[in-house]
Structures are given as structure tokens and as C-alpha cells.
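Step one of this worksheet: look at the structure below.
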Amino acid sequence: MKILVTGAAGFIGYHVSRRLLERGDDVVGIDNLNDYYDPSLKEARLAMLREFPRFAFERINIHDADAMANCFASHRPARVVNLAAQAGVRYSLTNPHAYADSNITGFLNVLEGCRHNGVEHLVYASSSSVYGANTQQPFSEHQNVDHPVSLYAATKKANELMAHTYAHLFQLPTTGLRFFTVYGPWGRPDMALFKFTRGILSGEPIPVFNEGKMIRDFTYVDDVAEGVVRVVDRVAEGDADWNSSDPDPARSRAPYRVFNIGNNQPVQLLEYIAVLEEQLGKKAKMELLPMQPGDVPSTMADVSELEAAVGFRPKTTVRDGIAAFVKWYNDYYNVNS
């Protein structure tokens, strides 16, 4: 298949694109290579994708409607994986317009491209952050998610609503994937594992919010990529038994689904740091801080819907995942060389 992947030079986008290329798909990658974090890391990921003859790349901002329309018209992808977004909960507190541009207007351009070019299936990144103020765990796709606690979360919830509208109006099959705290090799420098590793190795204090008592369903990136690819192959279908008098948020009569992709084995942040200390062979200097606005104390994914649909559930342990990240970090940054 020819598959369009937005955000292809990003963390998850790189891993998904590589997985598709390795199995023989044609991949058209889109990315704007912005400077939200070090562009050289994005360029390095992109260089590895360019080694595949079936990979084509266009430098496009998904916020650019004309460029997106031209890209869809010229490449005519069979399926689309939208992973381009302005990420980060805390950044959304100070730069809200970046989220509206990328996550709302940009996603609309993706939907329009799919609608007008006969795309068979749109798979897009949502987020565990949509669960917001919910406290009943594990988080299930069948729960109401109308109480986001950050603008980032609100834009991801908006993506799900927009996708349902296009599925209903135009019969565009859409599947949203709620990612739970993804980590691993080639990760983003603004994320906790990257920051902690850099701080521990340099002997600088690392900021640990909620005094390390936060619990997260850390999910290894290879598991996420495997889940995404399996979902791409399973085109969303309408549920004829969907009850409009008691609507299930996870599905619809329209060809619309949402799935959690999480490890289903949450750990406390202090335990996560302890595993990292063990792998680095060095203790962390921790600056224990209060909970930050927009954060939630705990996340845990119910992945039974994903497993039932595509026969897969994430399984990589935090110990194995952190070990793989540390090996990559040491190699990429020439640590101890």
C-alpha cells in the first residue's frame, strides 16, 4: 500500500514509518521539521528513513491547506496515519495558538485530504490525556471524556469529535489511538526519560513533579508502532447495534473507532527513575516539586478493545524499555567514548 504518514520525522512517526517500510509498504512522509525541539534529531531520523527506496518525503506544515491538498492530490495515498501534532501538556499552557494551528486546523486539512481523495482509512494519534479529570481506572474507551484538564487534551478530544463527524457525513473510516506515555529510543528531548537521563549523567538535579508519586502507564515505542500498523490494516466499520439512546463513546453507526494503546502495567515515577539509575549506574539528584497544572496523578489503560480488534497488546517491561533507550542514548550521544 501507499501510506501517508504525517509527522514522519517525529518520535512515533519515525518508528511507524520504519515499520511500514520494512514490511514493504510505500510511505510518503510529511513533516515541517520545526524547532520545538532539536531539529537535528528529526533530521537524523529522516536520514534513516531515506535509506529505504520506497520512502518519499515532503517538508510540509499540515497547517498549510494548499500544500496539504496538493500533497494528497499528487500522491493519492490509500491510507493515512496522522501523527503530526503540537505535543506537550505544559507547553500548551504558554503557547496555546500552536495547538490550535497544528492540532485543529492541521487535522482538518488531513480530514479534507482524506475526504476528497478516496482514502480507505485514517488512523490518527489521540492521547490518554483526553481522560482528564476521570479517576476510575483502568481508563476505558467506553468512558465519557468530556472533562479535559489541559488545552492539549482538549485538542485531542476535538480530533476525535472531528473524525466522527467525517465518518458520519462522508463515510470516511477513522480510528483514533489514545497513546499512554510513549518512551524509547529516538525519543523526544522534552519528555521525562530524556530529561532525566541527561540530568543524571551531567550531575544536575532533575525536576520530579508531584514528588515522584505520579503513576504512569509507560508504553514502549515499538509496542506502539506495532499497534498502529495493525490498526492501519483493520479498517474501521460502523456498529449496526450501536444504541443512540445509550451511546457508546468508543464506537458508532459510522465507521469510527477509538482504542487505547498502553502497557497496562503502570509504575510510580520514583520506580521509573530507580530503573533508570540502575541502567545508568548513577544516582539521580531529585528536585521534588508539586503537581503541575494540566497534569493528572495517575494513568492506566484498559487495552482489551485493542486486543480484541487486532490481537495485540503492549508487553515490553519498563526495565527492558529503559535499557534499550539508555543503549540508544549512549550510542547517539557518544557517552563514555
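Within each chain, counting starts at residue 1; across the C-alpha cells, chains are named A, B, ... in the order shown, with ligands numbered 1 upward in that order.
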Could you give me, as a PDB file with N, CA, C and O atoms, in the first residue's frame, each residue of stretch 26-208 of chain A that DSSP assigns to alpha helix (DSSP H) when run on this structure's backbone?
ATOM      1  N   PRO A  39      16.070  20.168  15.948  1.00  0.00           N
ATOM      2  CA  PRO A  39      15.764  19.649  14.607  1.00  0.00           C
ATOM      3  C   PRO A  39      16.781  18.625  14.113  1.00  0.00           C
ATOM      4  O   PRO A  39      16.451  17.807  13.239  1.00  0.00           O
ATOM      5  N   SER A  40      17.995  18.639  14.650  1.00  0.00           N
ATOM      6  CA  SER A  40      18.999  17.680  14.181  1.00  0.00           C
ATOM      7  C   SER A  40      18.588  16.244  14.505  1.00  0.00           C
ATOM      8  O   SER A  40      18.937  15.303  13.781  1.00  0.00           O
ATOM      9  N   LEU A  41      17.845  16.063  15.585  1.00  0.00           N
ATOM     10  CA  LEU A  41      17.350  14.728  15.918  1.00  0.00           C
ATOM     11  C   LEU A  41      16.314  14.283  14.887  1.00  0.00           C
ATOM     12  O   LEU A  41      16.292  13.129  14.457  1.00  0.00           O
ATOM     13  N   LYS A  42      15.470  15.215  14.463  1.00  0.00           N
ATOM     14  CA  LYS A  42      14.481  14.905  13.417  1.00  0.00           C
ATOM     15  C   LYS A  42      15.183  14.594  12.095  1.00  0.00           C
ATOM     16  O   LYS A  42      14.789  13.668  11.380  1.00  0.00           O
ATOM     17  N   GLU A  43      16.214  15.363  11.789  1.00  0.00           N
ATOM     18  CA  GLU A  43      16.970  15.128  10.552  1.00  0.00           C
ATOM     19  C   GLU A  43      17.642  13.751  10.583  1.00  0.00           C
ATOM     20  O   GLU A  43      17.725  13.073   9.554  1.00  0.00           O
ATOM     21  N   ALA A  44      18.126  13.351  11.748  1.00  0.00           N
ATOM     22  CA  ALA A  44      18.782  12.050  11.864  1.00  0.00           C
ATOM     23  C   ALA A  44      17.783  10.911  11.656  1.00  0.00           C
ATOM     24  O   ALA A  44      18.092   9.914  10.991  1.00  0.00           O
ATOM     25  N   ARG A  45      16.585  11.064  12.219  1.00  0.00           N
ATOM     26  CA  ARG A  45      15.551  10.049  11.982  1.00  0.00           C
ATOM     27  C   ARG A  45      15.201   9.993  10.495  1.00  0.00           C
ATOM     28  O   ARG A  45      15.077   8.912   9.898  1.00  0.00           O
ATOM     29  N   LEU A  46      15.052  11.172   9.905  1.00  0.00           N
ATOM     30  CA  LEU A  46      14.673  11.262   8.499  1.00  0.00           C
ATOM     31  C   LEU A  46      15.733  10.625   7.603  1.00  0.00           C
ATOM     32  O   LEU A  46      15.402   9.941   6.619  1.00  0.00           O
ATOM     33  N   ALA A  47      17.000  10.829   7.948  1.00  0.00           N
ATOM     34  CA  ALA A  47      18.086  10.246   7.157  1.00  0.00           C
ATOM     35  C   ALA A  47      17.993   8.726   7.129  1.00  0.00           C
ATOM     36  O   ALA A  47      18.286   8.092   6.102  1.00  0.00           O
ATOM     37  N   MET A  48      17.577   8.143   8.235  1.00  0.00           N
ATOM     38  CA  MET A  48      17.450   6.686   8.275  1.00  0.00           C
ATOM     39  C   MET A  48      16.277   6.204   7.417  1.00  0.00           C
ATOM     40  O   MET A  48      16.357   5.163   6.772  1.00  0.00           O
ATOM     41  N   LEU A  49      15.205   6.988   7.394  1.00  0.00           N
ATOM     42  CA  LEU A  49      14.066   6.616   6.551  1.00  0.00           C
ATOM     43  C   LEU A  49      14.401   6.761   5.068  1.00  0.00           C
ATOM     44  O   LEU A  49      13.926   5.985   4.234  1.00  0.00           O
ATOM     45  N   ALA A  65      -3.059  24.609   4.164  1.00  0.00           N
ATOM     46  CA  ALA A  65      -4.137  23.910   3.455  1.00  0.00           C
ATOM     47  C   ALA A  65      -3.795  23.613   2.006  1.00  0.00           C
ATOM     48  O   ALA A  65      -4.058  22.513   1.502  1.00  0.00           O
ATOM     49  N   ASP A  66      -3.213  24.582   1.303  1.00  0.00           N
ATOM     50  CA  ASP A  66      -2.900  24.382  -0.112  1.00  0.00           C
ATOM     51  C   ASP A  66      -1.838  23.305  -0.299  1.00  0.00           C
ATOM     52  O   ASP A  66      -1.954  22.438  -1.185  1.00  0.00           O
ATOM     53  N   ALA A  67      -0.793  23.347   0.522  1.00  0.00           N
ATOM     54  CA  ALA A  67       0.274  22.351   0.419  1.00  0.00           C
ATOM     55  C   ALA A  67      -0.255  20.954   0.713  1.00  0.00           C
ATOM     56  O   ALA A  67       0.106  19.972   0.043  1.00  0.00           O
ATOM     57  N   MET A  68      -1.137  20.863   1.680  1.00  0.00           N
ATOM     58  CA  MET A  68      -1.707  19.559   2.021  1.00  0.00           C
ATOM     59  C   MET A  68      -2.606  19.036   0.900  1.00  0.00           C
ATOM     60  O   MET A  68      -2.557  17.854   0.534  1.00  0.00           O
ATOM     61  N   ALA A  69      -3.409  19.910   0.336  1.00  0.00           N
ATOM     62  CA  ALA A  69      -4.289  19.497  -0.761  1.00  0.00           C
ATOM     63  C   ALA A  69      -3.466  19.005  -1.948  1.00  0.00           C
ATOM     64  O   ALA A  69      -3.797  17.984  -2.572  1.00  0.00           O
ATOM     65  N   ASN A  70      -2.384  19.717  -2.256  1.00  0.00           N
ATOM     66  CA  ASN A  70      -1.518  19.309  -3.363  1.00  0.00           C
ATOM     67  C   ASN A  70      -0.834  17.976  -3.084  1.00  0.00           C
ATOM     68  O   ASN A  70      -0.685  17.139  -3.985  1.00  0.00           O
ATOM     69  N   CYS A  71      -0.423  17.777  -1.845  1.00  0.00           N
ATOM     70  CA  CYS A  71       0.246  16.525  -1.478  1.00  0.00           C
ATOM     71  C   CYS A  71      -0.700  15.335  -1.639  1.00  0.00           C
ATOM     72  O   CYS A  71      -0.334  14.315  -2.228  1.00  0.00           O
ATOM     73  N   PHE A  72      -1.908  15.469  -1.154  1.00  0.00           N
ATOM     74  CA  PHE A  72      -2.883  14.387  -1.292  1.00  0.00           C
ATOM     75  C   PHE A  72      -3.193  14.117  -2.766  1.00  0.00           C
ATOM     76  O   PHE A  72      -3.256  12.959  -3.195  1.00  0.00           O
ATOM     77  N   ALA A  73      -3.366  15.179  -3.529  1.00  0.00           N
ATOM     78  CA  ALA A  73      -3.727  15.018  -4.932  1.00  0.00           C
ATOM     79  C   ALA A  73      -2.613  14.360  -5.735  1.00  0.00           C
ATOM     80  O   ALA A  73      -2.874  13.563  -6.650  1.00  0.00           O
ATOM     81  N   SER A  74      -1.361  14.678  -5.408  1.00  0.00           N
ATOM     82  CA  SER A  74      -0.241  14.140  -6.189  1.00  0.00           C
ATOM     83  C   SER A  74       0.120  12.714  -5.775  1.00  0.00           C
ATOM     84  O   SER A  74       0.527  11.909  -6.621  1.00  0.00           O
ATOM     85  N   HIS A  75      -0.026  12.374  -4.505  1.00  0.00           N
ATOM     86  CA  HIS A  75       0.405  11.045  -4.037  1.00  0.00           C
ATOM     87  C   HIS A  75      -0.737  10.032  -3.961  1.00  0.00           C
ATOM     88  O   HIS A  75      -0.491   8.826  -4.057  1.00  0.00           O
ATOM     89  N   TYR A  91       3.634  22.837  27.655  1.00  0.00           N
ATOM     90  CA  TYR A  91       3.858  23.853  26.617  1.00  0.00           C
ATOM     91  C   TYR A  91       2.538  24.496  26.199  1.00  0.00           C
ATOM     92  O   TYR A  91       2.503  25.663  25.807  1.00  0.00           O
ATOM     93  N   SER A  92       1.442  23.735  26.319  1.00  0.00           N
ATOM     94  CA  SER A  92       0.138  24.270  25.906  1.00  0.00           C
ATOM     95  C   SER A  92      -0.349  25.367  26.850  1.00  0.00           C
ATOM     96  O   SER A  92      -1.248  26.134  26.500  1.00  0.00           O
ATOM     97  N   LEU A  93       0.225  25.444  28.048  1.00  0.00           N
ATOM     98  CA  LEU A  93      -0.181  26.487  28.990  1.00  0.00           C
ATOM     99  C   LEU A  93       0.319  27.857  28.562  1.00  0.00           C
ATOM    100  O   LEU A  93      -0.285  28.881  28.887  1.00  0.00           O
ATOM    101  N   THR A  94       1.433  27.877  27.816  1.00  0.00           N
ATOM    102  CA  THR A  94       2.042  29.158  27.443  1.00  0.00           C
ATOM    103  C   THR A  94       2.016  29.433  25.945  1.00  0.00           C
ATOM    104  O   THR A  94       2.249  30.559  25.522  1.00  0.00           O
ATOM    105  N   PRO A  96      -0.728  28.426  23.508  1.00  0.00           N
ATOM    106  CA  PRO A  96      -1.968  27.767  23.083  1.00  0.00           C
ATOM    107  C   PRO A  96      -2.234  27.836  21.588  1.00  0.00           C
ATOM    108  O   PRO A  96      -2.818  26.903  21.014  1.00  0.00           O
ATOM    109  N   HIS A  97      -1.813  28.918  20.924  1.00  0.00           N
ATOM    110  CA  HIS A  97      -2.127  29.060  19.497  1.00  0.00           C
ATOM    111  C   HIS A  97      -1.437  27.994  18.649  1.00  0.00           C
ATOM    112  O   HIS A  97      -1.957  27.602  17.593  1.00  0.00           O
ATOM    113  N   ALA A  98      -0.271  27.514  19.102  1.00  0.00           N
ATOM    114  CA  ALA A  98       0.419  26.456  18.368  1.00  0.00           C
ATOM    115  C   ALA A  98      -0.431  25.196  18.304  1.00  0.00           C
ATOM    116  O   ALA A  98      -0.400  24.450  17.309  1.00  0.00           O
ATOM    117  N   TYR A  99      -1.229  24.963  19.333  1.00  0.00           N
ATOM    118  CA  TYR A  99      -2.067  23.764  19.390  1.00  0.00           C
ATOM    119  C   TYR A  99      -3.286  23.905  18.490  1.00  0.00           C
ATOM    120  O   TYR A  99      -3.707  22.939  17.847  1.00  0.00           O
ATOM    121  N   PHE A 107      -5.347  19.161  11.542  1.00  0.00           N
ATOM    122  CA  PHE A 107      -6.120  17.925  11.456  1.00  0.00           C
ATOM    123  C   PHE A 107      -7.290  18.065  10.492  1.00  0.00           C
ATOM    124  O   PHE A 107      -7.631  17.126   9.764  1.00  0.00           O
ATOM    125  N   LEU A 108      -7.891  19.251  10.449  1.00  0.00           N
ATOM    126  CA  LEU A 108      -8.956  19.492   9.476  1.00  0.00           C
ATOM    127  C   LEU A 108      -8.432  19.323   8.054  1.00  0.00           C
ATOM    128  O   LEU A 108      -9.104  18.726   7.195  1.00  0.00           O
ATOM    129  N   ASN A 109      -7.233  19.810   7.785  1.00  0.00           N
ATOM    130  CA  ASN A 109      -6.639  19.655   6.454  1.00  0.00           C
ATOM    131  C   ASN A 109      -6.405  18.182   6.114  1.00  0.00           C
ATOM    132  O   ASN A 109      -6.566  17.763   4.962  1.00  0.00           O
ATOM    133  N   VAL A 110      -6.023  17.395   7.128  1.00  0.00           N
ATOM    134  CA  VAL A 110      -5.857  15.954   6.908  1.00  0.00           C
ATOM    135  C   VAL A 110      -7.203  15.308   6.582  1.00  0.00           C
ATOM    136  O   VAL A 110      -7.319  14.514   5.641  1.00  0.00           O
ATOM    137  N   LEU A 111      -8.226  15.644   7.336  1.00  0.00           N
ATOM    138  CA  LEU A 111      -9.562  15.098   7.080  1.00  0.00           C
ATOM    139  C   LEU A 111     -10.061  15.463   5.686  1.00  0.00           C
ATOM    140  O   LEU A 111     -10.617  14.615   4.969  1.00  0.00           O
ATOM    141  N   GLU A 112      -9.854  16.706   5.283  1.00  0.00           N
ATOM    142  CA  GLU A 112     -10.282  17.146   3.955  1.00  0.00           C
ATOM    143  C   GLU A 112      -9.517  16.396   2.856  1.00  0.00           C
ATOM    144  O   GLU A 112     -10.095  15.996   1.837  1.00  0.00           O
ATOM    145  N   GLY A 113      -8.223  16.210   3.072  1.00  0.00           N
ATOM    146  CA  GLY A 113      -7.438  15.458   2.098  1.00  0.00           C
ATOM    147  C   GLY A 113      -7.933  14.035   1.950  1.00  0.00           C
ATOM    148  O   GLY A 113      -8.039  13.499   0.830  1.00  0.00           O
ATOM    149  N   CYS A 114      -8.268  13.402   3.065  1.00  0.00           N
ATOM    150  CA  CYS A 114      -8.798  12.038   3.027  1.00  0.00           C
ATOM    151  C   CYS A 114     -10.158  12.002   2.322  1.00  0.00           C
ATOM    152  O   CYS A 114     -10.422  11.134   1.487  1.00  0.00           O
ATOM    153  N   ARG A 115     -10.999  12.963   2.663  1.00  0.00           N
ATOM    154  CA  ARG A 115     -12.350  13.008   2.103  1.00  0.00           C
ATOM    155  C   ARG A 115     -12.338  13.135   0.585  1.00  0.00           C
ATOM    156  O   ARG A 115     -13.098  12.455  -0.118  1.00  0.00           O
ATOM    157  N   HIS A 116     -11.492  13.994   0.072  1.00  0.00           N
ATOM    158  CA  HIS A 116     -11.536  14.313  -1.357  1.00  0.00           C
ATOM    159  C   HIS A 116     -10.655  13.404  -2.220  1.00  0.00           C
ATOM    160  O   HIS A 116     -10.648  13.557  -3.448  1.00  0.00           O
ATOM    161  N   LEU A 151      -5.229  22.270  27.497  1.00  0.00           N
ATOM    162  CA  LEU A 151      -5.631  22.578  26.124  1.00  0.00           C
ATOM    163  C   LEU A 151      -5.172  21.487  25.170  1.00  0.00           C
ATOM    164  O   LEU A 151      -5.867  21.145  24.209  1.00  0.00           O
ATOM    165  N   TYR A 152      -3.986  20.936  25.414  1.00  0.00           N
ATOM    166  CA  TYR A 152      -3.513  19.818  24.592  1.00  0.00           C
ATOM    167  C   TYR A 152      -4.553  18.701  24.575  1.00  0.00           C
ATOM    168  O   TYR A 152      -4.925  18.183  23.513  1.00  0.00           O
ATOM    169  N   ALA A 153      -5.042  18.326  25.763  1.00  0.00           N
ATOM    170  CA  ALA A 153      -6.053  17.275  25.849  1.00  0.00           C
ATOM    171  C   ALA A 153      -7.325  17.669  25.108  1.00  0.00           C
ATOM    172  O   ALA A 153      -7.943  16.850  24.425  1.00  0.00           O
ATOM    173  N   ALA A 154      -7.700  18.925  25.237  1.00  0.00           N
ATOM    174  CA  ALA A 154      -8.913  19.400  24.557  1.00  0.00           C
ATOM    175  C   ALA A 154      -8.782  19.284  23.045  1.00  0.00           C
ATOM    176  O   ALA A 154      -9.744  18.937  22.351  1.00  0.00           O
ATOM    177  N   THR A 155      -7.599  19.567  22.502  1.00  0.00           N
ATOM    178  CA  THR A 155      -7.417  19.447  21.052  1.00  0.00           C
ATOM    179  C   THR A 155      -7.471  17.990  20.604  1.00  0.00           C
ATOM    180  O   THR A 155      -7.963  17.691  19.511  1.00  0.00           O
ATOM    181  N   LYS A 156      -6.994  17.087  21.429  1.00  0.00           N
ATOM    182  CA  LYS A 156      -7.054  15.669  21.078  1.00  0.00           C
ATOM    183  C   LYS A 156      -8.494  15.146  21.140  1.00  0.00           C
ATOM    184  O   LYS A 156      -8.921  14.340  20.301  1.00  0.00           O
ATOM    185  N   LYS A 157      -9.232  15.595  22.126  1.00  0.00           N
ATOM    186  CA  LYS A 157     -10.653  15.268  22.183  1.00  0.00           C
ATOM    187  C   LYS A 157     -11.368  15.841  20.954  1.00  0.00           C
ATOM    188  O   LYS A 157     -12.224  15.178  20.343  1.00  0.00           O
ATOM    189  N   ALA A 158     -11.001  17.070  20.568  1.00  0.00           N
ATOM    190  CA  ALA A 158     -11.589  17.683  19.376  1.00  0.00           C
ATOM    191  C   ALA A 158     -11.299  16.844  18.131  1.00  0.00           C
ATOM    192  O   ALA A 158     -12.153  16.703  17.255  1.00  0.00           O
ATOM    193  N   ASN A 159     -10.094  16.280  18.034  1.00  0.00           N
ATOM    194  CA  ASN A 159      -9.757  15.421  16.898  1.00  0.00           C
ATOM    195  C   ASN A 159     -10.714  14.242  16.802  1.00  0.00           C
ATOM    196  O   ASN A 159     -11.169  13.869  15.711  1.00  0.00           O
ATOM    197  N   GLU A 160     -11.022  13.643  17.946  1.00  0.00           N
ATOM    198  CA  GLU A 160     -11.945  12.509  17.935  1.00  0.00           C
ATOM    199  C   GLU A 160     -13.334  12.937  17.468  1.00  0.00           C
ATOM    200  O   GLU A 160     -13.997  12.222  16.692  1.00  0.00           O
ATOM    201  N   LEU A 161     -13.777  14.097  17.921  1.00  0.00           N
ATOM    202  CA  LEU A 161     -15.088  14.599  17.508  1.00  0.00           C
ATOM    203  C   LEU A 161     -15.113  14.920  16.013  1.00  0.00           C
ATOM    204  O   LEU A 161     -16.086  14.607  15.313  1.00  0.00           O
ATOM    205  N   MET A 162     -14.048  15.547  15.524  1.00  0.00           N
ATOM    206  CA  MET A 162     -13.964  15.883  14.102  1.00  0.00           C
ATOM    207  C   MET A 162     -13.940  14.619  13.254  1.00  0.00           C
ATOM    208  O   MET A 162     -14.592  14.531  12.206  1.00  0.00           O
ATOM    209  N   ALA A 163     -13.176  13.617  13.707  1.00  0.00           N
ATOM    210  CA  ALA A 163     -13.085  12.360  12.965  1.00  0.00           C
ATOM    211  C   ALA A 163     -14.448  11.679  12.891  1.00  0.00           C
ATOM    212  O   ALA A 163     -14.836  11.145  11.849  1.00  0.00           O
ATOM    213  N   HIS A 164     -15.183  11.708  14.001  1.00  0.00           N
ATOM    214  CA  HIS A 164     -16.513  11.096  13.969  1.00  0.00           C
ATOM    215  C   HIS A 164     -17.431  11.812  12.982  1.00  0.00           C
ATOM    216  O   HIS A 164     -18.205  11.187  12.254  1.00  0.00           O
ATOM    217  N   THR A 165     -17.339  13.135  12.955  1.00  0.00           N
ATOM    218  CA  THR A 165     -18.178  13.908  12.046  1.00  0.00           C
ATOM    219  C   THR A 165     -17.917  13.514  10.595  1.00  0.00           C
ATOM    220  O   THR A 165     -18.853  13.313   9.810  1.00  0.00           O
ATOM    221  N   TYR A 166     -16.637  13.372  10.215  1.00  0.00           N
ATOM    222  CA  TYR A 166     -16.305  12.985   8.837  1.00  0.00           C
ATOM    223  C   TYR A 166     -16.684  11.533   8.561  1.00  0.00           C
ATOM    224  O   TYR A 166     -17.073  11.185   7.442  1.00  0.00           O
ATOM    225  N   ALA A 167     -16.571  10.678   9.571  1.00  0.00           N
ATOM    226  CA  ALA A 167     -17.014   9.295   9.398  1.00  0.00           C
ATOM    227  C   ALA A 167     -18.525   9.252   9.155  1.00  0.00           C
ATOM    228  O   ALA A 167     -19.016   8.494   8.311  1.00  0.00           O
ATOM    229  N   HIS A 168     -19.257  10.094   9.890  1.00  0.00           N
ATOM    230  CA  HIS A 168     -20.722  10.128   9.768  1.00  0.00           C
ATOM    231  C   HIS A 168     -21.175  10.766   8.456  1.00  0.00           C
ATOM    232  O   HIS A 168     -22.020  10.215   7.746  1.00  0.00           O
ATOM    233  N   LEU A 169     -20.599  11.911   8.134  1.00  0.00           N
ATOM    234  CA  LEU A 169     -21.055  12.659   6.957  1.00  0.00           C
ATOM    235  C   LEU A 169     -20.588  12.048   5.642  1.00  0.00           C
ATOM    236  O   LEU A 169     -21.332  12.029   4.654  1.00  0.00           O
ATOM    237  N   PHE A 170     -19.344  11.568   5.622  1.00  0.00           N
ATOM    238  CA  PHE A 170     -18.718  11.169   4.353  1.00  0.00           C
ATOM    239  C   PHE A 170     -18.316   9.701   4.316  1.00  0.00           C
ATOM    240  O   PHE A 170     -17.660   9.265   3.363  1.00  0.00           O
ATOM    241  N   ALA A 192      10.117  13.110  29.812  1.00  0.00           N
ATOM    242  CA  ALA A 192      10.747  12.854  31.108  1.00  0.00           C
ATOM    243  C   ALA A 192      11.989  11.974  31.015  1.00  0.00           C
ATOM    244  O   ALA A 192      13.037  12.312  31.594  1.00  0.00           O
ATOM    245  N   LEU A 193      11.906  10.845  30.306  1.00  0.00           N
ATOM    246  CA  LEU A 193      13.033   9.911  30.281  1.00  0.00           C
ATOM    247  C   LEU A 193      14.279  10.567  29.710  1.00  0.00           C
ATOM    248  O   LEU A 193      15.386  10.394  30.231  1.00  0.00           O
ATOM    249  N   PHE A 194      14.120  11.341  28.653  1.00  0.00           N
ATOM    250  CA  PHE A 194      15.240  12.041  28.024  1.00  0.00           C
ATOM    251  C   PHE A 194      15.826  13.069  28.997  1.00  0.00           C
ATOM    252  O   PHE A 194      17.048  13.141  29.197  1.00  0.00           O
ATOM    253  N   LYS A 195      14.954  13.867  29.607  1.00  0.00           N
ATOM    254  CA  LYS A 195      15.411  14.890  30.555  1.00  0.00           C
ATOM    255  C   LYS A 195      16.113  14.261  31.752  1.00  0.00           C
ATOM    256  O   LYS A 195      17.161  14.749  32.207  1.00  0.00           O
ATOM    257  N   PHE A 196      15.545  13.182  32.281  1.00  0.00           N
ATOM    258  CA  PHE A 196      16.137  12.528  33.441  1.00  0.00           C
ATOM    259  C   PHE A 196      17.521  11.970  33.104  1.00  0.00           C
ATOM    260  O   PHE A 196      18.463  12.110  33.886  1.00  0.00           O
ATOM    261  N   THR A 197      17.629  11.334  31.948  1.00  0.00           N
ATOM    262  CA  THR A 197      18.911  10.745  31.544  1.00  0.00           C
ATOM    263  C   THR A 197      19.980  11.820  31.410  1.00  0.00           C
ATOM    264  O   THR A 197      21.101  11.683  31.927  1.00  0.00           O
ATOM    265  N   ARG A 198      19.636  12.896  30.725  1.00  0.00           N
ATOM    266  CA  ARG A 198      20.581  13.994  30.534  1.00  0.00           C
ATOM    267  C   ARG A 198      20.999  14.596  31.875  1.00  0.00           C
ATOM    268  O   ARG A 198      22.175  14.867  32.114  1.00  0.00           O
ATOM    269  N   GLY A 199      20.008  14.791  32.765  1.00  0.00           N
ATOM    270  CA  GLY A 199      20.312  15.386  34.057  1.00  0.00           C
ATOM    271  C   GLY A 199      21.162  14.494  34.944  1.00  0.00           C
ATOM    272  O   GLY A 199      22.124  14.960  35.575  1.00  0.00           O
ATOM    273  N   ILE A 200      20.832  13.208  34.992  1.00  0.00           N
ATOM    274  CA  ILE A 200      21.592  12.274  35.829  1.00  0.00           C
ATOM    275  C   ILE A 200      23.034  12.179  35.354  1.00  0.00           C
ATOM    276  O   ILE A 200      23.979  12.215  36.154  1.00  0.00           O
ATOM    277  N   LEU A 201      23.244  12.066  34.052  1.00  0.00           N
ATOM    278  CA  LEU A 201      24.595  11.945  33.524  1.00  0.00           C
ATOM    279  C   LEU A 201      25.428  13.199  33.762  1.00  0.00           C
ATOM    280  O   LEU A 201      26.645  13.124  33.941  1.00  0.00           O
ATOM    281  N   SER A 202      24.774  14.364  33.780  1.00  0.00           N
ATOM    282  CA  SER A 202      25.507  15.617  33.984  1.00  0.00           C
ATOM    283  C   SER A 202      25.612  15.999  35.454  1.00  0.00           C
ATOM    284  O   SER A 202      26.267  16.996  35.798  1.00  0.00           O
TER     285      SER A 202
END
**Report entry** Contacts of A:Thr299 at 10 Å (only C-alpha atoms; same-chain gap of 3+ positions) as a ChimeraX atom specification
**Finding:** /A:128-129,131-132,134-139,180-181,214-218,262,264-267,296
Query - Length of the atom CA of A:Trp186 to atom CA of A:Gly281 vector [Å] - result: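 Between atom CA of A:Trp186 and atom CA of A:Gly281 the gap works out to 21.0 Å.
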Report task. Please provide as a list in words all residues within 6 Å of A:Val208, with the sequence filter that same-chain residues fewer than 3 positions apart are discarded (counting only C-alpha atoms). Result ->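 Residues near the query, excluding close chain neighbours: Glu211, Gly212, Glu287, Leu288 and Leu289 of chain A.
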Report task. Skip A:Glu278 itself and residues of its chain fewer than 5 positions away, then list as a ChimeraX atom specification all residues within 12 Å of it, counting only C-alpha atoms. Result -> /A:197,200,271-273,283-284,319-320,322-323,326
Using only C-alpha atoms, find each residue in stretch 116-160 of chain A having at least one atom no more than 10 Å away from stretch 253-258 of chain A; report its shortest atom-to-atom pair and that distance in Å (one decimal), rows by chain then rising number, as a tab-separated table.
residue	atom	partner	partner_atom	distance
A:His121	CA	A:Pro255	CA	9.4
A:Leu122	CA	A:Tyr256	CA	9.8
A:Val123	CA	A:Val258	CA	9.5
A:Tyr124	CA	A:Val258	CA	9.5
A:Ala125	CA	A:Val258	CA	9.9
A:Ser126	CA	A:Val258	CA	8.5
A:Glu141	CA	A:Val258	CA	6.7
A:His142	CA	A:Val258	CA	9.4
A:Glu160	CA	A:Val258	CA	8.0
Residue subset to file, keeping C-alpha atoms, as a short mmCIF file (atom, residue, chain, number, x, y, z; two decimals), in the first residue's frame:
data_model
loop_
_atom_site.label_atom_id
_atom_site.label_comp_id
_atom_site.auth_asym_id
_atom_site.auth_seq_id
_atom_site.Cartn_x
_atom_site.Cartn_y
_atom_site.Cartn_z
CA HIS A 121 -8.74 4.53 6.35
CA LEU A 122 -7.47 7.39 8.52
CA VAL A 123 -5.63 6.41 11.69
CA TYR A 124 -4.72 9.31 13.94
CA ALA A 125 -2.99 9.99 17.23
CA SER A 126 -5.20 10.85 20.14
CA GLU A 141 -12.72 3.84 25.71
CA HIS A 142 -16.31 3.40 26.88
CA GLU A 160 -11.94 12.51 17.93
#
Requested in this report: Select, from A:Asn32, A:Asn334, A:Thr105, A:Ser304, the residue with the minimum atom-to-atom distance to A:Asn260, counting only C-alpha atoms.
Outcome: A:Ser304
Query - Residues of stretch 243-316 of chain A in strand (DSSP E), written as an NGL selection string - result: :A and (256-261 or 267-268 or 286-288)
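Distances to A:Met291 were evaluated for A:Leu83, A:Pro207, A:Pro173, A:Gly238 using only C-alpha atoms, and the minimum falls at A:Pro207.
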Query raised in the report: Excluding same-chain residues fewer than 2 positions from A:Asp222, what lies within 10 Å of it counting only C-alpha atoms, as a PyMOL selection string?
Result: chain A and resi 12+15-16+19+182-185+219-220+224-228+314-316+321
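Straight-line separation from atom CA of A:Pro148 to atom CA of A:Met300: 16.2 Å.
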Requested in this report: Could you check how far atom CA of A:Gln143 sits from atom CA of A:Asp295, in Å to one decimal?
Outcome: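 Between these atoms lies a distance of 19.2 Å.
Minimum distance to A:Arg230 across A:Asn144, A:Asn210, A:Thr175, A:Ser150 (counting only C-alpha atoms) occurs at A:Thr175.
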Report task. Identify, on the basis of only C-alpha atoms, every residue whose closest approach to stretch 28-30 of chain A does not exceed 6 Å; exclude the query and any residue fewer than 4 positions from it along the same chain; express the result as a list in words. Result -> Leu4, Val5, Thr6, Gly7, Ala8, Phe55, Ala56, Phe57, Glu58, Arg59 and Ile60 of chain A
